[in-house]
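To start, the structure itself, in structure tokens.
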Amino acid sequence: MRVVVTGGSGRLGQSVVRGLCEAGHDVTSIDREGVAGLPGAQLQADLTDADATRTLFIAIAPEAVVHLAAISVPFSAPEATILNVNTALAFSVVDAAVASGARLVLAASSPTVLGYGNPKGWAPRFLPLDETHPVEPWNAYALSKQVIENVVERFVRNSDNVTFGVFRPCFVIPPEEWAGAPTQQGHTVADRLDDPSLAAVSLFNYLDARDAAEFVRVWLERAELAPNGSVFFVGAADALAREPLAELIPRYLPEASGLAAGLTGSSPAFSSAKARELLGWEPRYSWRTELVQAATEALAEPDPSSLPTEVRVS
């Protein structure tokens, strides 16, 4: 398929672009800046400009559009800026996708729409969390993601011959972060495991970026198996925690103590059962193997300064 990916230069976007290209799709990434070595075509554009975005998409004539572009970190900009930019991007891109004749449109939302982390308090209605749980966004980022879901609902009601979807990827971890690069919160994956309070605010959710990319590929191929406009949680099969959530949640979220008893072993707080049942998608990566593999590869990599001059790596 000819696929446009907005935000293709981002932490999630790069994995999505690579995954779709590896699957044989003709991919065009559109972002404010390009990335060296990213496969497919790359274009730079301001996607908040609705008229220019329409013109650009009509010229590309994509069969599918995957919308990832957004200010992706809560509180990384003024609240009004995050809300205005993210919602403008969503409407501009989805409108342009429909106008250009795309038959598949998938937009990224976020689990934060549920409202966890609210400093005034929040408790889940049930665990594990699934797509039927009420949404209660408390910051501009989460609110903008709810609006994105509402934008998709609007176009489902008003568009013919277009299949829409929304996915809520959990805390995305690209491959370089398994090797120790800082996450978007500034600390490392190992830090989040060593100090459970860092991951407790998001109920220990996470997702390998390659699994997210695989979800996008699967959705593009099987979207019509799900009701139009379906929303999917997309997360790892386990929690980002060394202890069972049945023990950690009462410690860090006492309001949910009575709901966590079933989260034994490595069970996560977020269910991806809908994606599995309707689309056949399953996560493949876990911190339990990826951190070990990254550490093993680091140990196997020679230190250039310790090698004899004649074999030193440059």
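Chains: A, B, ... in order of the structure tokens. Residues: from 1 per chain. Ligands: from 1, in order shown.
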What are the closest atom pairs, with distances in Å to one decimal, for each residue of segment 75-107 of chain A lying within 10 Å of segment 1-13 of chain A, using only C-alpha atoms, rows by chain and rising residue number, as a Markdown table?
```
| residue | atom | partner | partner_atom | distance |
| --- | --- | --- | --- | --- |
| A:Leu89 | CA | A:Thr6 | CA | 9.5 |
| A:Val93 | CA | A:Thr6 | CA | 8.2 |
| A:Ala97 | CA | A:Val4 | CA | 9.0 |
| A:Ala102 | CA | A:Val3 | CA | 8.9 |
| A:Leu104 | CA | A:Val3 | CA | 9.2 |
| A:Val105 | CA | A:Val4 | CA | 9.6 |
| A:Leu106 | CA | A:Val5 | CA | 9.6 |
| A:Ala107 | CA | A:Thr6 | CA | 9.6 |
```
Enumerate, in order of chain and increasing residue number, the residues of segment 150-229 of chain A with an atom no farther than 9 Å from segment 262-277 of chain A, each with its shortest atom pair and distance in Å to one decimal, counting only C-alpha atoms, as a Markdown table.
```
| residue | atom | partner | partner_atom | distance |
| --- | --- | --- | --- | --- |
| A:Cys170 | CA | A:Phe270 | CA | 8.6 |
| A:Leu203 | CA | A:Ala269 | CA | 6.4 |
| A:Phe204 | CA | A:Ala269 | CA | 7.3 |
| A:Asn205 | CA | A:Pro268 | CA | 6.9 |
| A:Phe215 | CA | A:Ala275 | CA | 8.3 |
| A:Trp219 | CA | A:Ala275 | CA | 8.9 |
```
Would you save the residues from that selection as a short mmCIF file (atom, residue, chain, number, x, y, z; two decimals), in the first residue's frame, using C-alpha atoms?
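Final output, saved to result24.cif:
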```
data_model
loop_
_atom_site.label_atom_id
_atom_site.label_comp_id
_atom_site.auth_asym_id
_atom_site.auth_seq_id
_atom_site.Cartn_x
_atom_site.Cartn_y
_atom_site.Cartn_z
CA CYS A 170 1.33 2.22 26.11
CA LEU A 203 0.31 1.70 36.22
CA PHE A 204 3.53 0.13 34.95
CA ASN A 205 2.43 0.06 31.30
CA PHE A 215 0.14 -3.51 15.38
CA TRP A 219 -4.38 -3.11 11.47
#
```
Nearest-residue call for Glu33 of chain A, choices A:Tyr206, A:Ala236, A:Ala69, A:Glu63, using only C-alpha atoms: A:Ala69
Close residues, segment 279-294 of chain A itself excluded, 9 Å, only C-alpha atoms, min 2 positions apart in chain, as a VMD selection string: chain A and resid 175 to 176 178 to 180 189 to 190 207 to 208 210 to 212 214 to 215 218 to 219 222 to 223 225 to 226 234 to 240 272 to 277 296 to 299
Selected residues written out with N, CA and C atoms, as an mmCIF file, in the first residue's frame:
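The file below, result-v7.cif, is the result:
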```cif
data_model
loop_
_atom_site.group_PDB
_atom_site.id
_atom_site.type_symbol
_atom_site.label_atom_id
_atom_site.label_comp_id
_atom_site.auth_asym_id
_atom_site.auth_seq_id
_atom_site.Cartn_x
_atom_site.Cartn_y
_atom_site.Cartn_z
ATOM 1 N N PRO A 175 14.119 0.544 20.473
ATOM 2 C CA PRO A 175 15.251 -0.340 20.753
ATOM 3 C C PRO A 175 16.427 0.325 21.466
ATOM 4 N N GLU A 176 16.747 1.566 21.123
ATOM 5 C CA GLU A 176 17.913 2.200 21.744
ATOM 6 C C GLU A 176 17.741 2.423 23.244
ATOM 7 N N TRP A 178 16.372 0.269 25.316
ATOM 8 C CA TRP A 178 16.747 -0.956 26.020
ATOM 9 C C TRP A 178 18.249 -0.949 26.312
ATOM 10 N N ALA A 179 19.013 -0.282 25.451
ATOM 11 C CA ALA A 179 20.464 -0.238 25.610
ATOM 12 C C ALA A 179 20.919 0.874 26.548
ATOM 13 N N GLY A 180 19.977 1.610 27.138
ATOM 14 C CA GLY A 180 20.354 2.608 28.130
ATOM 15 C C GLY A 180 20.093 4.043 27.772
ATOM 16 N N VAL A 189 15.056 2.832 31.284
ATOM 17 C CA VAL A 189 14.146 1.723 31.580
ATOM 18 C C VAL A 189 14.568 1.041 32.876
ATOM 19 N N ALA A 190 15.876 0.849 33.049
ATOM 20 C CA ALA A 190 16.371 0.223 34.280
ATOM 21 C C ALA A 190 15.996 1.053 35.505
ATOM 22 N N LEU A 207 5.354 -0.585 26.075
ATOM 23 C CA LEU A 207 5.202 -1.250 24.778
ATOM 24 C C LEU A 207 6.481 -1.061 23.984
ATOM 25 N N ASP A 208 7.049 -2.148 23.511
ATOM 26 C CA ASP A 208 8.184 -2.038 22.604
ATOM 27 C C ASP A 208 7.716 -1.399 21.297
ATOM 28 N N ARG A 210 8.654 -1.740 18.370
ATOM 29 C CA ARG A 210 8.518 -2.677 17.260
ATOM 30 C C ARG A 210 7.186 -3.424 17.326
ATOM 31 N N ASP A 211 6.694 -3.657 18.524
ATOM 32 C CA ASP A 211 5.363 -4.248 18.654
ATOM 33 C C ASP A 211 4.296 -3.254 18.218
ATOM 34 N N ALA A 212 4.514 -1.975 18.520
ATOM 35 C CA ALA A 212 3.578 -0.951 18.045
ATOM 36 C C ALA A 212 3.548 -0.928 16.525
ATOM 37 N N GLU A 214 4.227 -3.360 14.551
ATOM 38 C CA GLU A 214 3.548 -4.569 14.083
ATOM 39 C C GLU A 214 2.039 -4.425 14.207
ATOM 40 N N PHE A 215 1.573 -3.748 15.271
ATOM 41 C CA PHE A 215 0.135 -3.506 15.381
ATOM 42 C C PHE A 215 -0.355 -2.678 14.193
ATOM 43 N N VAL A 218 -0.558 -4.844 11.140
ATOM 44 C CA VAL A 218 -1.685 -5.773 11.220
ATOM 45 C C VAL A 218 -3.002 -5.030 11.018
ATOM 46 N N TRP A 219 -3.134 -3.856 11.632
ATOM 47 C CA TRP A 219 -4.380 -3.110 11.467
ATOM 48 C C TRP A 219 -4.599 -2.745 9.998
ATOM 49 N N ARG A 222 -5.950 -5.794 8.335
ATOM 50 C CA ARG A 222 -7.144 -6.469 8.856
ATOM 51 C C ARG A 222 -8.173 -5.506 9.432
ATOM 52 N N ALA A 223 -8.073 -4.233 9.123
ATOM 53 C CA ALA A 223 -8.939 -3.222 9.742
ATOM 54 C C ALA A 223 -10.415 -3.531 9.587
ATOM 55 N N LEU A 225 -11.906 -6.176 9.811
ATOM 56 C CA LEU A 225 -12.394 -7.212 10.725
ATOM 57 C C LEU A 225 -12.987 -6.610 11.992
ATOM 58 N N ALA A 226 -12.692 -5.341 12.251
ATOM 59 C CA ALA A 226 -13.187 -4.665 13.450
ATOM 60 C C ALA A 226 -14.239 -3.632 13.065
ATOM 61 N N VAL A 234 -2.914 -1.021 23.149
ATOM 62 C CA VAL A 234 -1.810 -1.797 22.591
ATOM 63 C C VAL A 234 -0.673 -1.742 23.603
ATOM 64 N N GLY A 235 -0.443 -2.845 24.280
ATOM 65 C CA GLY A 235 0.573 -2.870 25.321
ATOM 66 C C GLY A 235 1.314 -4.185 25.359
ATOM 67 N N ALA A 236 2.394 -4.208 26.137
ATOM 68 C CA ALA A 236 3.164 -5.437 26.326
ATOM 69 C C ALA A 236 2.323 -6.462 27.075
ATOM 70 N N ALA A 237 2.759 -7.712 27.008
ATOM 71 C CA ALA A 237 2.025 -8.795 27.660
ATOM 72 C C ALA A 237 2.324 -8.886 29.143
ATOM 73 N N ASP A 238 3.270 -8.076 29.602
ATOM 74 C CA ASP A 238 3.618 -8.076 31.019
ATOM 75 C C ASP A 238 3.720 -6.637 31.514
ATOM 76 N N ALA A 239 3.917 -6.467 32.793
ATOM 77 C CA ALA A 239 4.054 -5.142 33.391
ATOM 78 C C ALA A 239 5.524 -4.761 33.484
ATOM 79 N N LEU A 240 5.797 -3.463 33.469
ATOM 80 C CA LEU A 240 7.174 -2.991 33.620
ATOM 81 C C LEU A 240 7.482 -2.914 35.117
ATOM 82 N N SER A 272 -4.767 -5.980 26.245
ATOM 83 C CA SER A 272 -4.766 -5.852 24.781
ATOM 84 C C SER A 272 -5.586 -6.959 24.140
ATOM 85 N N ALA A 273 -6.511 -7.532 24.910
ATOM 86 C CA ALA A 273 -7.291 -8.673 24.425
ATOM 87 C C ALA A 273 -8.103 -8.320 23.188
ATOM 88 N N LYS A 274 -8.608 -7.105 23.110
ATOM 89 C CA LYS A 274 -9.425 -6.716 21.956
ATOM 90 C C LYS A 274 -8.615 -6.784 20.668
ATOM 91 N N ALA A 275 -7.368 -6.288 20.721
ATOM 92 C CA ALA A 275 -6.512 -6.343 19.532
ATOM 93 C C ALA A 275 -6.199 -7.781 19.151
ATOM 94 N N ARG A 276 -6.039 -8.627 20.141
ATOM 95 C CA ARG A 276 -5.771 -10.033 19.861
ATOM 96 C C ARG A 276 -6.999 -10.713 19.270
ATOM 97 N N GLU A 277 -8.152 -10.468 19.874
ATOM 98 C CA GLU A 277 -9.362 -11.182 19.452
ATOM 99 C C GLU A 277 -9.890 -10.719 18.098
ATOM 100 N N THR A 296 23.907 -7.883 27.188
ATOM 101 C CA THR A 296 24.830 -8.861 26.604
ATOM 102 C C THR A 296 25.566 -8.272 25.412
ATOM 103 N N GLU A 297 24.844 -7.551 24.556
ATOM 104 C CA GLU A 297 25.475 -6.938 23.393
ATOM 105 C C GLU A 297 26.483 -5.872 23.803
ATOM 106 N N ALA A 298 26.177 -5.146 24.871
ATOM 107 C CA ALA A 298 27.106 -4.121 25.344
ATOM 108 C C ALA A 298 28.386 -4.753 25.858
ATOM 109 N N LEU A 299 28.270 -5.884 26.556
ATOM 110 C CA LEU A 299 29.455 -6.568 27.065
ATOM 111 C C LEU A 299 30.281 -7.155 25.938
#
```
Nearest residue to Glu224 of chain A out of A:Arg154, A:Arg125, A:Arg103, A:Lys120, using only C-alpha atoms?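 Checking each candidate against Glu224 of chain A, we get A:Arg103 as the closest.
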Run DSSP on the backbone and tell me which residues of segment 31-206 of chain A come out as helix (DSSP H, G or I); list them as a ChimeraX atom specification. /A:50-60,79-99,111-114,140-158,175-178,189-194,196-200
Asp194 of chain A environment, 12 Å, only C-alpha atoms, sequence neighbours closer than 5 positions dropped, as a list in words: His187, Thr188, Val189, Ala199, Ala200, Leu240, Ala241, Arg242 and Glu243 of chain A
Next, write the just-selected residues to a file, as a JSON list (two decimals), in the first residue's frame, keeping N, CA and C atoms as the atom set.
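Writing the result to again-v4.json gives the following:
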```json
[["chain", "number", "residue", "atom", "x", "y", "z"],
["A", 187, "HIS", "N", 14.66, 9.43, 32.50],
["A", 187, "HIS", "CA", 15.39, 8.34, 33.15],
["A", 187, "HIS", "C", 15.42, 7.13, 32.22],
["A", 188, "THR", "N", 16.10, 6.07, 32.64],
["A", 188, "THR", "CA", 16.22, 4.89, 31.78],
["A", 188, "THR", "C", 15.17, 3.84, 32.14],
["A", 189, "VAL", "N", 15.06, 2.83, 31.28],
["A", 189, "VAL", "CA", 14.15, 1.72, 31.58],
["A", 189, "VAL", "C", 14.57, 1.04, 32.88],
["A", 199, "ALA", "N", 7.32, 4.27, 37.51],
["A", 199, "ALA", "CA", 6.36, 3.65, 36.59],
["A", 199, "ALA", "C", 4.97, 3.50, 37.20],
["A", 200, "ALA", "N", 4.87, 3.70, 38.51],
["A", 200, "ALA", "CA", 3.58, 3.52, 39.17],
["A", 200, "ALA", "C", 2.54, 4.50, 38.67],
["A", 240, "LEU", "N", 5.80, -3.46, 33.47],
["A", 240, "LEU", "CA", 7.17, -2.99, 33.62],
["A", 240, "LEU", "C", 7.48, -2.91, 35.12],
["A", 241, "ALA", "N", 7.62, -4.08, 35.71],
["A", 241, "ALA", "CA", 7.82, -4.18, 37.14],
["A", 241, "ALA", "C", 8.42, -5.53, 37.49],
["A", 242, "ARG", "N", 9.25, -5.55, 38.52],
["A", 242, "ARG", "CA", 9.87, -6.80, 38.94],
["A", 242, "ARG", "C", 8.99, -7.56, 39.92],
["A", 243, "GLU", "N", 8.05, -6.87, 40.56],
["A", 243, "GLU", "CA", 7.12, -7.50, 41.49],
["A", 243, "GLU", "C", 5.74, -7.57, 40.87]]
```
One decimal place gives the atom CA of Asp26 of chain A-atom CA of Asn161 of chain A separation as 21.5 Å
DSSP on the backbone: what in segment 121-276 of chain A comes out strand (DSSP E), as a ChimeraX atom specification? /A:163-169,172-173,207-208,230-234
Pick out the closest residue to Asp95 of chain A from this set: A:Thr53, A:Ala36, A:Ala181, A:Gly186. Count only C-alpha atoms.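 The closest residue to Asp95 of chain A is A:Thr53.
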Between A:Ile173, A:Leu143, A:Val35, A:Ala23, which one has atoms that come closest to Pro111 of chain A, using only C-alpha atoms? A:Leu143
When you count only C-alpha atoms, which of these residues is closest to Val166 of chain A: A:Pro137, A:Leu83, A:Leu68, A:Ala213?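 Closest residue, counting only C-alpha atoms: A:Leu68.
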Report as number ranges by chain all protein, DNA and RNA residues lying within 6 Å of segment 70-80 of chain A, evaluated on only C-alpha atoms, omitting residues in the same chain fewer than 5 positions from it. A: 86, 140-141
Could those selected residues go to a file with C-alpha atoms, as a short mmCIF file (atom, residue, chain, number, x, y, z; two decimals), in the first residue's frame?
```
data_model
loop_
_atom_site.label_atom_id
_atom_site.label_comp_id
_atom_site.auth_asym_id
_atom_site.auth_seq_id
_atom_site.Cartn_x
_atom_site.Cartn_y
_atom_site.Cartn_z
CA ASN A 86 -2.45 18.27 18.86
CA ALA A 140 -3.98 19.09 28.10
CA TYR A 141 -2.05 16.18 26.57
#
```
